[in-house]
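Peer 1: My file is final03.cif. It has mmCIF, C-alpha atoms:
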```cif
data_final
loop_
_atom_site.label_atom_id
_atom_site.label_comp_id
_atom_site.auth_asym_id
_atom_site.auth_seq_id
_atom_site.Cartn_x
_atom_site.Cartn_y
_atom_site.Cartn_z
CA PRO G 24 5.24 -8.74 -18.35
CA ILE G 25 5.47 -9.08 -14.55
CA GLU G 26 9.11 -10.15 -14.75
CA GLU G 27 10.34 -7.23 -16.84
CA THR G 28 8.04 -4.61 -15.32
CA ALA G 29 9.33 -5.46 -11.87
CA ASN G 30 12.91 -5.59 -13.17
CA MET G 31 12.65 -2.01 -14.45
CA LEU G 32 11.19 -0.67 -11.21
CA ILE G 33 13.73 -2.54 -9.07
CA MET G 34 16.68 -1.24 -11.10
CA ILE G 35 15.38 2.32 -11.03
CA ALA G 36 14.72 2.05 -7.30
CA TRP G 37 18.29 0.89 -6.66
CA LEU G 38 19.61 3.94 -8.49
CA ALA G 39 17.17 6.24 -6.74
CA VAL G 40 18.02 4.94 -3.27
CA ASN G 41 21.76 5.17 -3.86
CA GLN G 42 21.72 8.54 -5.62
CA GLN G 43 18.86 10.06 -3.60
CA ASP G 44 17.81 11.78 -6.80
CA VAL G 45 14.94 11.11 -9.19
CA SER G 46 15.02 14.37 -11.16
CA TYR G 47 16.00 12.51 -14.32
CA LEU G 48 12.66 10.69 -14.19
CA GLN G 49 10.68 13.87 -14.81
CA SER G 50 9.61 12.78 -18.30
CA TYR G 51 8.78 9.24 -17.25
CA TRP G 52 6.43 9.47 -14.28
CA ALA G 53 3.37 8.63 -16.36
CA LEU G 54 5.07 5.46 -17.62
CA LEU G 55 6.24 4.50 -14.13
CA ASP G 56 2.67 4.91 -12.90
CA VAL G 57 1.50 2.50 -15.60
CA TRP G 58 4.08 -0.05 -14.48
CA GLY G 59 3.24 0.33 -10.80
CA GLU G 60 -0.50 0.04 -11.35
CA TYR G 61 -0.01 -2.91 -13.68
CA LEU G 62 1.73 -4.90 -10.94
CA VAL G 63 -0.93 -3.97 -8.40
CA GLY G 64 -3.61 -5.17 -10.81
CA VAL G 65 -2.15 -8.56 -11.76
CA LEU G 66 -0.81 -9.68 -8.37
CA PRO G 67 -0.55 -11.42 -5.96
CA ASP G 68 -1.23 -14.34 -8.34
CA PRO G 69 0.71 -14.04 -11.64
CA LYS G 70 -1.44 -16.74 -13.25
CA SER G 71 -0.01 -17.99 -16.59
CA GLN G 72 2.92 -15.69 -17.24
CA LEU G 73 6.40 -16.54 -18.37
CA CYS G 74 9.28 -16.14 -15.96
CA THR G 75 13.03 -16.20 -16.43
CA ASP G 76 13.06 -19.95 -15.70
CA ASP G 77 10.76 -20.72 -18.62
CA PHE G 78 13.42 -23.01 -20.10
CA GLU G 79 11.97 -25.55 -17.64
CA GLY G 80 8.53 -25.18 -19.16
CA PRO G 81 5.36 -23.32 -18.18
CA SER G 82 4.87 -22.57 -14.49
CA PRO G 83 1.55 -20.80 -13.86
CA HIS G 84 0.91 -19.26 -10.44
CA ASN G 85 4.69 -19.18 -9.96
CA VAL G 86 5.57 -18.21 -6.38
CA ASN G 87 9.03 -16.82 -7.14
CA LEU G 88 7.65 -14.69 -9.98
CA ALA G 89 4.97 -13.38 -7.62
CA ALA G 90 7.72 -12.41 -5.17
CA LYS G 91 9.46 -10.47 -7.96
CA GLY G 92 6.27 -8.57 -8.78
CA ILE G 93 5.43 -7.82 -5.15
CA THR G 94 8.97 -6.53 -4.63
CA GLY G 95 8.51 -4.41 -7.76
CA ILE G 96 5.52 -2.73 -6.12
CA GLY G 97 7.67 -2.03 -3.08
CA ALA G 98 10.42 -0.70 -5.33
CA TYR G 99 8.01 1.80 -6.84
CA SER G 100 7.13 2.88 -3.31
CA ALA G 101 10.83 3.61 -2.69
CA ILE G 102 11.02 5.68 -5.88
CA LEU G 103 7.96 7.71 -4.93
CA ARG G 104 9.31 8.30 -1.43
CA ILE G 105 12.49 9.84 -2.80
CA LYS G 106 10.33 11.95 -5.12
CA GLY G 107 8.62 13.30 -2.01
CA ASP G 108 5.24 11.68 -2.68
CA LYS G 109 4.89 10.12 0.78
CA SER G 110 1.16 9.40 0.53
CA ARG G 111 1.41 7.30 -2.62
CA ALA G 112 4.65 5.72 -1.42
CA ASP G 113 2.87 4.54 1.73
CA THR G 114 -0.03 3.19 -0.33
CA TYR G 115 2.21 1.12 -2.61
CA LEU G 116 4.24 -0.19 0.31
CA SER G 117 1.09 -1.17 2.19
CA THR G 118 -0.17 -2.97 -0.92
CA ALA G 119 3.13 -4.83 -1.28
CA LYS G 120 2.99 -5.95 2.36
CA LEU G 121 -0.63 -7.04 2.00
CA TYR G 122 0.26 -9.08 -1.08
CA ALA G 123 3.24 -10.57 0.76
CA SER G 124 0.93 -11.81 3.51
CA LYS G 125 -1.31 -13.43 0.89
CA TRP G 126 1.80 -14.86 -0.77
CA MET G 127 2.85 -16.47 2.50
CA LEU G 128 -0.60 -17.95 3.07
CA ASN G 129 -1.10 -19.34 -0.43
CA ALA G 130 2.48 -20.52 -0.99
CA SER G 131 3.07 -22.12 2.40
CA ALA G 132 4.23 -25.73 2.36
CA GLY G 133 4.77 -25.93 6.10
CA ASP G 134 8.54 -25.68 6.44
CA HIS G 135 9.10 -23.81 3.14
CA TYR G 136 7.24 -22.20 0.24
CA LYS G 137 6.00 -23.98 -2.87
CA LEU G 138 6.95 -23.75 -6.53
CA GLN G 139 3.43 -22.68 -7.52
CA TYR G 140 0.43 -21.64 -5.48
CA ASN G 141 -1.64 -24.47 -6.95
CA LEU G 142 0.83 -27.32 -6.35
CA GLY G 143 1.49 -29.58 -3.39
CA ASN G 144 3.75 -29.16 -0.39
CA ASP G 145 6.36 -31.47 -1.95
CA THR G 146 7.29 -28.76 -4.45
CA PHE G 147 9.93 -26.07 -3.92
CA SER G 148 12.04 -23.52 -5.76
CA LEU G 149 14.87 -21.13 -5.11
CA LYS G 150 13.18 -17.84 -4.15
CA TYR G 151 16.05 -15.75 -5.49
CA ASN G 152 13.77 -12.81 -6.30
CA LEU G 153 13.43 -12.09 -2.58
CA LEU G 154 16.97 -10.68 -2.75
CA TRP G 155 15.75 -7.24 -3.84
CA ASP G 156 13.50 -6.81 -0.83
CA LYS G 157 16.70 -7.12 1.22
CA VAL G 158 18.95 -5.03 -1.05
CA LEU G 159 16.46 -2.15 -1.14
CA ASN G 160 15.67 -2.57 2.57
CA LEU G 161 11.94 -2.55 1.83
CA GLY G 162 10.86 -4.86 4.67
CA ILE G 163 8.04 -6.42 2.65
CA PHE G 164 8.65 -10.08 3.49
CA PRO G 165 9.31 -10.94 7.16
CA GLN G 166 12.54 -12.62 8.20
CA GLN G 167 10.71 -15.88 8.88
CA VAL G 168 10.28 -16.33 5.11
CA TYR G 169 14.02 -16.09 4.52
CA ASP G 170 14.85 -18.35 7.46
CA ALA G 171 12.37 -21.04 6.41
CA GLU G 172 13.61 -21.04 2.84
CA MET G 173 17.27 -21.15 3.85
CA ASP G 174 16.69 -24.06 6.23
CA PHE G 175 14.93 -25.94 3.46
CA TYR G 176 17.70 -25.23 0.94
CA MET G 177 20.16 -26.85 3.30
CA LYS G 178 17.99 -29.98 3.45
CA ALA G 179 17.42 -30.06 -0.32
CA SER G 180 21.05 -29.48 -1.23
CA GLN G 181 23.13 -31.81 -3.39
CA PRO G 182 26.95 -32.01 -3.35
CA PHE G 183 27.31 -29.14 -5.82
CA GLY G 184 24.35 -26.92 -5.03
CA VAL G 185 20.62 -26.68 -4.44
CA PRO G 186 18.38 -27.61 -7.39
CA LEU G 187 16.57 -24.70 -8.99
CA ASP G 188 13.29 -26.39 -8.12
CA ASN G 189 11.80 -29.85 -7.65
CA ARG G 190 11.39 -30.49 -11.39
CA ALA G 191 15.04 -31.29 -12.08
CA ILE G 192 18.46 -31.82 -10.48
CA PHE G 193 20.09 -28.82 -12.15
CA THR G 194 20.55 -25.32 -10.79
CA LYS G 195 21.67 -21.88 -11.89
CA LEU G 196 24.93 -20.58 -10.47
CA ASP G 197 23.73 -16.97 -10.31
CA TRP G 198 20.47 -17.81 -8.55
CA LEU G 199 22.31 -20.05 -6.09
CA MET G 200 24.57 -17.17 -5.12
CA TRP G 201 21.62 -14.78 -4.89
CA VAL G 202 19.95 -16.97 -2.28
CA GLY G 203 23.30 -17.40 -0.55
CA ALA G 204 23.55 -13.63 -0.21
CA MET G 205 20.30 -13.66 1.78
CA ALA G 206 21.64 -16.07 4.41
CA SER G 207 21.25 -14.71 7.92
CA ASP G 208 24.61 -16.04 9.07
CA ASN G 209 28.02 -16.68 7.55
CA MET G 210 27.73 -20.44 8.05
CA GLU G 211 24.81 -20.71 5.63
CA PHE G 212 26.37 -18.27 3.19
CA SER G 213 29.64 -20.20 3.26
CA ALA G 214 27.84 -23.52 2.77
CA LEU G 215 26.11 -22.36 -0.42
CA THR G 216 29.19 -20.53 -1.69
CA ASN G 217 31.28 -23.65 -1.13
CA MET G 218 28.84 -25.69 -3.23
CA ALA G 219 29.33 -23.23 -6.08
CA TYR G 220 33.09 -23.40 -5.65
CA LEU G 221 33.05 -27.20 -5.69
CA PHE G 222 31.10 -27.13 -8.96
CA ALA G 223 33.67 -24.83 -10.60
CA HIS G 224 36.56 -26.88 -9.21
CA TYR G 225 35.33 -30.41 -9.93
CA THR G 226 33.22 -30.06 -13.05
CA PRO G 227 34.57 -32.42 -15.73
CA ASP G 228 33.59 -29.91 -18.42
CA ARG G 229 36.61 -27.60 -18.65
CA ILE G 230 34.93 -24.66 -20.34
CA PRO G 231 34.42 -20.98 -19.53
CA LEU G 232 32.34 -20.85 -16.35
CA GLY G 233 28.83 -22.14 -17.00
CA ASP G 234 25.78 -21.05 -15.04
CA TRP G 235 23.40 -23.98 -15.71
CA TYR G 236 24.73 -27.22 -14.29
CA ASN G 237 23.75 -30.42 -12.50
CA THR G 238 24.01 -30.37 -8.73
CA ASN G 239 24.63 -34.10 -8.31
CA ASP G 240 27.75 -34.47 -10.48
CA ALA G 241 28.86 -30.93 -11.45
CA THR G 242 28.36 -31.61 -15.16
CA TYR G 243 27.70 -28.69 -17.46
CA ASN G 244 24.14 -28.42 -18.76
CA SER G 245 24.17 -25.31 -20.95
CA PHE G 246 25.22 -21.62 -21.08
CA ARG G 247 28.81 -20.53 -20.68
CA ALA G 248 30.70 -17.31 -19.88
CA ARG G 249 27.48 -15.29 -19.67
CA PRO G 250 27.22 -11.93 -17.88
CA VAL G 251 24.82 -13.50 -15.37
CA VAL G 252 27.77 -15.09 -13.56
CA GLY G 253 28.16 -11.63 -12.04
CA GLY G 254 25.52 -12.91 -9.65
CA ILE G 255 28.32 -14.46 -7.61
CA TRP G 256 28.91 -10.94 -6.25
CA ALA G 257 25.35 -10.56 -4.91
CA LYS G 258 26.61 -10.51 -1.31
CA MET G 259 28.36 -7.22 -2.03
CA LEU G 260 24.98 -5.59 -2.75
CA MET G 261 23.82 -6.70 0.68
CA GLU G 262 26.90 -5.31 2.38
CA ASN G 263 26.71 -1.95 0.60
#
```
When written as structure tokens, how does the structure in this file appear?

Peer 2:
Amino acid sequence: PIEETANMLIMIAWLAVNQQDVSYLQSYWALLDVWGEYLVGVLPDPKSQLCTDDFEGPSPHNVNLAAKGITGIGAYSAILRIKGDKSRADTYLSTAKLYASKWMLNASAGDHYKLQYNLGNDTFSLKYNLLWDKVLNLGIFPQQVYDAEMDFYMKASQPFGVPLDNRAIFTKLDWLMWVGAMASDNMEFSALTNMAYLFAHYTPDRIPLGDWYNTNDATYNSFRARPVVGGIWAKMLMEN
């Protein structure tokens, strides 16, 4: 529920910010309030909820999922601000920032952030959900979070990408490009983008572009020609 609730609020917020119009939401405010309050109530710890990476197995207290939900709260703040409800917008944004500070404390592994709140400092994951804090210009998570994660990705990288998390050697092409879009300089962005290019160029599996592959040898794992490969264009959201 956290994953999809936050997804809805983030997508609506992107439209609202770019159109500067929320009149079409007139019939849905009560539902949006339910979604916003739901995220406030279940975070900052998502406990035992599924996330989009559930093909790897259960991951309770998932840090990346928590980031998605916290960003969803911030997204609802952006929607309310365009509606003209400044007081409630400020409240939701303050809550999101408070939860982000707790996220940083509980997820810290020293030089990066963990896979789950309850696991050790030797765990990691791609925090691709942080992208929407940047795209929507919410300012929930401080730049030090992005810098620490990016530095760690460089250290954890394999020839053809950065593993999705510490549980396996594989990655997701779309998530790799999402984190690349958050790089603070072109050198880091180019490094991650080049890994994705090398996968597509050298993979021995000559099939329509796959998005789940192994970072050590560029072999195809599963999924092919799916719409999610549109994630390679994530940098354009940042630039626009």

Peer 1: Taking the file as I've supplied it (selection: the PyMOL selection byres ((chain G and resi 163-172) around 10)), which residues are included? Please answer as a PyMOL selection string.

Peer 2: chain G and resi 90+93-94+96-97+116-124+126-127+131+133-137+147-150+153-154+156-157+160-162+173-178+202+205-207

Peer 1: Tell me which of G:Thr194, G:Asn209, G:Thr114, G:Thr216 sits closest to Asp234 (chain G), counting all atoms listed in the file.

Peer 2: G:Thr194

Peer 1: When distances are computed from only C-alpha atoms, which of G:Met259, G:Leu103, G:Val251, G:Ala223 shows the smallest separation from Ser46 (chain G)?

Peer 2: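 Nearest candidate to Ser46 (chain G) out of G:Met259, G:Leu103, G:Val251, G:Ala223: G:Leu103.
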
Peer 1: So how far away is CA of Trp37 (chain G) from CA of Arg104 (chain G), in Å?

Peer 2: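 Straight-line distance from CA of Arg104 (chain G) to CA of Trp37 (chain G) works out to 12.8 Å.
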
Peer 1: What does the PyMOL selection byres ((chain G and resi 31) around 10) select in this file, as a VMD selection string?

Peer 2: chain G and resid 26 to 30 32 to 36 55 58 95 98 to 99

Peer 1: So that all listed atoms of region 42-49 of chain G fit with 5 Å spare on each side, what axis-aligned box centre and edge lengths in Å, to one decimal, would you give as AutoDock Vina command-line options?

Peer 2:
```
--center_x 16.2 --center_y 11.5 --center_z -9.2 --size_x 21.0 --size_y 15.8 --size_z 21.2
```

Peer 1: With distances taken over all atoms listed in the file, which residue among G:Tyr61, G:Tyr220, G:Phe193, G:Tyr47 lies nearest Asn237 (chain G)?

Peer 2: G:Phe193

Peer 1: Calculated over all atoms listed in the file, which of the candidates G:Leu73, G:Leu62, G:Ala241, G:Ile255 has the smallest distance to Met200 (chain G)?

Peer 2: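 Checking each candidate against Met200 (chain G), we get G:Ile255 as the closest.
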
Peer 1: Work out how far CA of Val63 (chain G) is from CA of Thr146 (chain G), in Å to one decimal.

Peer 2: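 Going from CA of Thr146 (chain G) over to CA of Val63 (chain G) covers 26.4 Å.
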
Peer 1: How many Å separate CA of Trp256 (chain G) from CA of Gly59 (chain G)?

Peer 2: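 CA of Trp256 (chain G) sits 28.4 Å away from CA of Gly59 (chain G).
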
Peer 1: Translate the PyMOL selection byres ((chain G and resi 224-226) around 9), as applied to the file shown, into an explicit residue set as a ChimeraX atom specification.

Peer 2: /G:219-223,227-229,240-243

Peer 1: How would the residues just picked look written out with C-alpha atoms as a PDB file, in the frame of the given file?

Peer 2:
```
ATOM      1  CA  ALA G 219      29.330 -23.230  -6.080  1.00  0.00           C
ATOM      2  CA  TYR G 220      33.090 -23.400  -5.650  1.00  0.00           C
ATOM      3  CA  LEU G 221      33.050 -27.200  -5.690  1.00  0.00           C
ATOM      4  CA  PHE G 222      31.100 -27.130  -8.960  1.00  0.00           C
ATOM      5  CA  ALA G 223      33.670 -24.830 -10.600  1.00  0.00           C
ATOM      6  CA  PRO G 227      34.570 -32.420 -15.730  1.00  0.00           C
ATOM      7  CA  ASP G 228      33.590 -29.910 -18.420  1.00  0.00           C
ATOM      8  CA  ARG G 229      36.610 -27.600 -18.650  1.00  0.00           C
ATOM      9  CA  ASP G 240      27.750 -34.470 -10.480  1.00  0.00           C
ATOM     10  CA  ALA G 241      28.860 -30.930 -11.450  1.00  0.00           C
ATOM     11  CA  THR G 242      28.360 -31.610 -15.160  1.00  0.00           C
ATOM     12  CA  TYR G 243      27.700 -28.690 -17.460  1.00  0.00           C
TER      13      TYR G 243
END
```

Peer 1: As an mmCIF file with C-alpha atoms, in the frame of the given file, please: the residues near Arg247 (chain G) (cut-off 8 Å, only C-alpha atoms, same-chain neighbours under 4 positions excluded).

Peer 2:
```
data_model
loop_
_atom_site.group_PDB
_atom_site.id
_atom_site.type_symbol
_atom_site.label_atom_id
_atom_site.label_comp_id
_atom_site.auth_asym_id
_atom_site.auth_seq_id
_atom_site.Cartn_x
_atom_site.Cartn_y
_atom_site.Cartn_z
ATOM 1 C CA ILE G 230 34.930 -24.660 -20.340
ATOM 2 C CA PRO G 231 34.420 -20.980 -19.530
ATOM 3 C CA LEU G 232 32.340 -20.850 -16.350
ATOM 4 C CA GLY G 233 28.830 -22.140 -17.000
ATOM 5 C CA ASP G 234 25.780 -21.050 -15.040
#
```

Peer 1: For a cut-off of 7 Å around (-4.2, -18.0, -10.7), file coordinates, pick out all residues using all atoms listed in the file and list them as a short mmCIF file (atom, residue, chain, number, x, y, z; two decimals) with C-alpha atoms, keeping the file's coordinate frame.

Peer 2:
```cif
data_model
loop_
_atom_site.label_atom_id
_atom_site.label_comp_id
_atom_site.auth_asym_id
_atom_site.auth_seq_id
_atom_site.Cartn_x
_atom_site.Cartn_y
_atom_site.Cartn_z
CA ASP G 68 -1.23 -14.34 -8.34
CA PRO G 69 0.71 -14.04 -11.64
CA LYS G 70 -1.44 -16.74 -13.25
CA HIS G 84 0.91 -19.26 -10.44
#
```

Peer 1: Using all atoms listed in the file, which of the listed residues (G:Thr75, G:Ser213, G:Ser180, G:Asn129) sits closest to Asn152 (chain G)?

Peer 2: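 That would be G:Thr75, the residue with the smallest distance to Asn152 (chain G).
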
Peer 1: My list of candidates is G:Phe212, G:Trp52, G:Phe183, G:Trp235. Which is closest to Asp197 (chain G) when distances are computed with all atoms listed in the file?

Peer 2: G:Trp235

Peer 1: Which polymer residues have any atom within 10 Å of an atom of Ala132 (chain G), counting all atoms listed in the file, with same-chain residues fewer than 6 positions away left out, as a count of residues only?

Peer 2: 8

Peer 1: Give me the residues near Ala39 (chain G) as JSON, numbers by chain, where near means some atom within 8 Å (using only C-alpha atoms) and where sequence neighbours in that chain fewer than 4 positions away do not count.

Peer 2: {"G": [35, 43, 44, 45, 101, 102, 105]}

Peer 1: Starting from the structure just given, write a file holding region 199-219 of chain G with N, CA and C atoms, as a PDB file, in the first residue's frame.

Peer 2:
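Final output, selection28.pdb:
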```
ATOM      1  N   LEU G 199      18.929   1.773 -12.191  1.00  0.00           N
ATOM      2  CA  LEU G 199      20.304   2.246 -12.339  1.00  0.00           C
ATOM      3  C   LEU G 199      20.336   3.637 -12.955  1.00  0.00           C
ATOM      4  N   MET G 200      19.505   3.848 -13.967  1.00  0.00           N
ATOM      5  CA  MET G 200      19.476   5.147 -14.628  1.00  0.00           C
ATOM      6  C   MET G 200      18.776   6.206 -13.779  1.00  0.00           C
ATOM      7  N   TRP G 201      17.846   5.776 -12.939  1.00  0.00           N
ATOM      8  CA  TRP G 201      17.227   6.724 -11.996  1.00  0.00           C
ATOM      9  C   TRP G 201      18.283   7.278 -11.037  1.00  0.00           C
ATOM     10  N   VAL G 202      19.097   6.395 -10.463  1.00  0.00           N
ATOM     11  CA  VAL G 202      20.102   6.891  -9.526  1.00  0.00           C
ATOM     12  C   VAL G 202      21.160   7.702 -10.273  1.00  0.00           C
ATOM     13  N   GLY G 203      21.440   7.322 -11.515  1.00  0.00           N
ATOM     14  CA  GLY G 203      22.376   8.107 -12.307  1.00  0.00           C
ATOM     15  C   GLY G 203      21.893   9.531 -12.514  1.00  0.00           C
ATOM     16  N   ALA G 204      20.593   9.681 -12.684  1.00  0.00           N
ATOM     17  CA  ALA G 204      20.011  11.012 -12.900  1.00  0.00           C
ATOM     18  C   ALA G 204      20.205  11.921 -11.700  1.00  0.00           C
ATOM     19  N   MET G 205      20.393  11.335 -10.519  1.00  0.00           N
ATOM     20  CA  MET G 205      20.561  12.124  -9.300  1.00  0.00           C
ATOM     21  C   MET G 205      22.005  12.524  -9.040  1.00  0.00           C
ATOM     22  N   ALA G 206      22.928  12.087  -9.897  1.00  0.00           N
ATOM     23  CA  ALA G 206      24.343  12.410  -9.705  1.00  0.00           C
ATOM     24  C   ALA G 206      24.535  13.921  -9.688  1.00  0.00           C
ATOM     25  N   SER G 207      25.408  14.381  -8.809  1.00  0.00           N
ATOM     26  CA  SER G 207      25.624  15.818  -8.665  1.00  0.00           C
ATOM     27  C   SER G 207      26.586  16.374  -9.697  1.00  0.00           C
ATOM     28  N   ASP G 208      27.266  15.505 -10.425  1.00  0.00           N
ATOM     29  CA  ASP G 208      28.147  15.992 -11.496  1.00  0.00           C
ATOM     30  C   ASP G 208      28.091  15.037 -12.679  1.00  0.00           C
ATOM     31  N   ASN G 209      28.506  15.536 -13.828  1.00  0.00           N
ATOM     32  CA  ASN G 209      28.424  14.759 -15.064  1.00  0.00           C
ATOM     33  C   ASN G 209      29.341  13.549 -15.065  1.00  0.00           C
ATOM     34  N   MET G 210      30.409  13.588 -14.282  1.00  0.00           N
ATOM     35  CA  MET G 210      31.333  12.456 -14.241  1.00  0.00           C
ATOM     36  C   MET G 210      30.636  11.223 -13.661  1.00  0.00           C
ATOM     37  N   GLU G 211      29.917  11.416 -12.555  1.00  0.00           N
ATOM     38  CA  GLU G 211      29.198  10.298 -11.953  1.00  0.00           C
ATOM     39  C   GLU G 211      28.058   9.833 -12.835  1.00  0.00           C
ATOM     40  N   PHE G 212      27.332  10.783 -13.404  1.00  0.00           N
ATOM     41  CA  PHE G 212      26.233  10.420 -14.307  1.00  0.00           C
ATOM     42  C   PHE G 212      26.763   9.626 -15.489  1.00  0.00           C
ATOM     43  N   SER G 213      27.861  10.086 -16.073  1.00  0.00           N
ATOM     44  CA  SER G 213      28.433   9.401 -17.230  1.00  0.00           C
ATOM     45  C   SER G 213      28.940   8.016 -16.852  1.00  0.00           C
ATOM     46  N   ALA G 214      29.488   7.869 -15.656  1.00  0.00           N
ATOM     47  CA  ALA G 214      30.005   6.572 -15.221  1.00  0.00           C
ATOM     48  C   ALA G 214      28.886   5.540 -15.151  1.00  0.00           C
ATOM     49  N   LEU G 215      27.758   5.905 -14.539  1.00  0.00           N
ATOM     50  CA  LEU G 215      26.640   4.972 -14.420  1.00  0.00           C
ATOM     51  C   LEU G 215      25.985   4.723 -15.772  1.00  0.00           C
ATOM     52  N   THR G 216      25.852   5.772 -16.565  1.00  0.00           N
ATOM     53  CA  THR G 216      25.261   5.627 -17.899  1.00  0.00           C
ATOM     54  C   THR G 216      26.123   4.720 -18.768  1.00  0.00           C
ATOM     55  N   ASN G 217      27.437   4.848 -18.639  1.00  0.00           N
ATOM     56  CA  ASN G 217      28.338   4.016 -19.430  1.00  0.00           C
ATOM     57  C   ASN G 217      28.218   2.547 -19.044  1.00  0.00           C
ATOM     58  N   MET G 218      27.986   2.273 -17.757  1.00  0.00           N
ATOM     59  CA  MET G 218      27.779   0.890 -17.332  1.00  0.00           C
ATOM     60  C   MET G 218      26.542   0.304 -18.016  1.00  0.00           C
ATOM     61  N   ALA G 219      25.484   1.099 -18.095  1.00  0.00           N
ATOM     62  CA  ALA G 219      24.268   0.639 -18.754  1.00  0.00           C
ATOM     63  C   ALA G 219      24.509   0.414 -20.242  1.00  0.00           C
TER      64      ALA G 219
END
```
